[in-house]
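To keep things clear, I will list the structure first and then write my remarks on it.
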Amino acid sequence: MLVAAVNWSPEWRPKSRRHVLAAPDTAHYIAGWPRETDLGVVAEVDGERAGAAWLRFFPPDDPGYGFVAADVPELTIGVAAAWRGRGVGRALLDAVEARAKEAGIARISLSVERKNFAQKLYLAAGYEVTGAGTAQSDTMVKFL
Ligand SMILES: CC(C)(COP(=O)(O)OP(=O)(O)OC[C@H]1O[C@@H](n2cnc3c(N)ncnc32)[C@H](O)[C@@H]1OP(=O)(O)O)[C@@H](O)C(=O)NCCC(=O)NCCS
């Protein structure tokens, strides 16, 4: 699902699973999973794994793309291509937020490219664009 999230745009040459799991800027989203503070959910349809959403805390010296603070975990979400556009992503978002609340997490951050329709999903779910980000991407935060 990390590979799916990295390769969100059909216009780009997809990065291989090997590359995604070797490059530090993407590998650190799942390296050593599960750490004590990691939290995530998997969507299953008839026993088939359709998607996943997870939260990981990053330190300031190894930040994720959507880093805002060491006590704010960053969201990653990916749905298998065959299951997209059928409500799985929204359900994953709701589920991971519910788990985060139970764990006492107050804020969630993420990074999304402005061209990715996923940004509309995040806006509809209550994430707000922060001042951080790049020319192509926004950092968004939701207060739970
Ligand atoms: C982004 C992603 C997680 C969303 O999951 P999903 O299961 O496809 O989304 P859902 O079916 O729950 O739809 C969520 C919303 O997006 C809209 N949507 C779904 N597919 C869409 C598409 N291709 N284009 C535009 N909007 C779309 C839906 O209409 C829905 O909005 P609504 O609630 O107002 O009806 C999934 O498409 C995915 O894995 N994409 C590739 C990886 C990625 O982009 N990850 C996020 C990186 S920041």
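Ligands are numbered from 1 in the order shown, residues from 1 within each chain, and chains are lettered A, B, ... in the order they appear in the structure tokens.
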*Find the spatial neighbours of A:Asp138, counting only C-alpha atoms, within a cut-off of 9 Å - ignore same-chain residues fewer than 5 positions away - and output them as a ChimeraX atom specification.*
/A:66,110-114,119,129-133
For the interface of chain A with ligand 1 (cut-off 10 Å, counting only C-alpha atoms and all ligand atoms), please tabulate each contacting residue of chain A alongside its nearest pair of atoms and their separation in Å to one decimal, rows sorted by chain and increasing number, as a tab-separated table.
```
residue	atom	partner	partner_atom_place_in_ligand_line	distance
A:Met1	CA	ligand 1	39 (O)	7.4
A:Leu2	CA	ligand 1	42 (C)	8.1
A:Val3	CA	ligand 1	42 (C)	8.2
A:Ala4	CA	ligand 1	42 (C)	5.1
A:Ala5	CA	ligand 1	42 (C)	3.5
A:Val6	CA	ligand 1	42 (C)	6.5
A:Asn7	CA	ligand 1	42 (C)	6.5
A:Trp8	CA	ligand 1	41 (C)	4.1
A:Ser9	CA	ligand 1	44 (O)	7.3
A:Pro10	CA	ligand 1	41 (C)	9.3
A:Ala43	CA	ligand 1	7 (O)	9.9
A:Ala50	CA	ligand 1	7 (O)	8.8
A:Gly51	CA	ligand 1	39 (O)	7.3
A:Ala52	CA	ligand 1	3 (C)	8.3
A:Ala53	CA	ligand 1	3 (C)	8.1
A:Tyr65	CA	ligand 1	48 (S)	9.9
A:Gly66	CA	ligand 1	48 (S)	9.5
A:Leu75	CA	ligand 1	48 (S)	8.3
A:Thr76	CA	ligand 1	47 (C)	6.6
A:Ile77	CA	ligand 1	45 (N)	5.1
A:Gly78	CA	ligand 1	39 (O)	3.5
A:Val79	CA	ligand 1	39 (O)	3.6
A:Ala80	CA	ligand 1	39 (O)	6.2
A:Ala81	CA	ligand 1	39 (O)	6.9
A:Ala82	CA	ligand 1	8 (O)	9.1
A:Trp83	CA	ligand 1	7 (O)	6.3
A:Arg84	CA	ligand 1	8 (O)	3.4
A:Gly85	CA	ligand 1	11 (O)	3.2
A:Arg86	CA	ligand 1	11 (O)	3.8
A:Gly87	CA	ligand 1	12 (O)	3.2
A:Val88	CA	ligand 1	7 (O)	3.9
A:Gly89	CA	ligand 1	5 (O)	3.3
A:Arg90	CA	ligand 1	12 (O)	3.7
A:Ala91	CA	ligand 1	12 (O)	6.4
A:Leu92	CA	ligand 1	12 (O)	7.9
A:Leu93	CA	ligand 1	12 (O)	8.4
A:Asp94	CA	ligand 1	12 (O)	10.0
A:Leu110	CA	ligand 1	48 (S)	7.0
A:Ser111	CA	ligand 1	48 (S)	5.8
A:Val112	CA	ligand 1	48 (S)	4.2
A:Glu113	CA	ligand 1	48 (S)	6.7
A:Arg114	CA	ligand 1	48 (S)	9.3
A:Lys115	CA	ligand 1	44 (O)	9.8
A:Asn116	CA	ligand 1	44 (O)	6.2
A:Phe117	CA	ligand 1	25 (C)	5.1
A:Ala118	CA	ligand 1	1 (C)	4.3
A:Gln119	CA	ligand 1	48 (S)	7.2
A:Lys120	CA	ligand 1	16 (O)	6.6
A:Leu121	CA	ligand 1	15 (C)	4.8
A:Tyr122	CA	ligand 1	15 (C)	8.5
A:Leu123	CA	ligand 1	34 (O)	9.9
A:Ala124	CA	ligand 1	34 (O)	7.1
A:Ala125	CA	ligand 1	33 (O)	8.7
A:Ser137	CA	ligand 1	48 (S)	9.3
A:Asp138	CA	ligand 1	48 (S)	9.6
A:Thr139	CA	ligand 1	48 (S)	9.8
```
_All alpha helix (DSSP H) residues (DSSP, backbone) inside chain A, as an NGL selection string_ = :A and (2-6 or 17-22 or 24-27 or 88-102 or 118-124)
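Computed from the coordinates, the atom CA of A:Gly126 to atom CA of A:Phe143 distance equals 8.2 Å.
Atom CA of A:Ala98 to atom CA of A:Tyr127 spans 14.7 Å [interatomic distance, one decimal].
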*Go through A:Pro34, A:Pro59, A:Gly40, A:Pro14 and flag the residue nearest A:Ala103, using only C-alpha atoms for the distances.*
A:Gly40
*asked:* So that I can check the secondary structure, give me every residue of chain A assigned strand (DSSP E or B) by backbone DSSP, as JSON, numbers by chain.
replied: {"A": [39, 40, 41, 42, 43, 44, 45, 48, 49, 50, 51, 52, 53, 54, 55, 56, 74, 75, 76, 77, 78, 79, 107, 108, 109, 110, 111, 112, 113, 128, 129, 130, 131, 132, 133, 137, 138, 139, 140, 141, 142, 143]}
*State, in Å with one decimal place, the distance from atom CA of A:Val68 to atom CA of A:Val141.*
8.4 Å
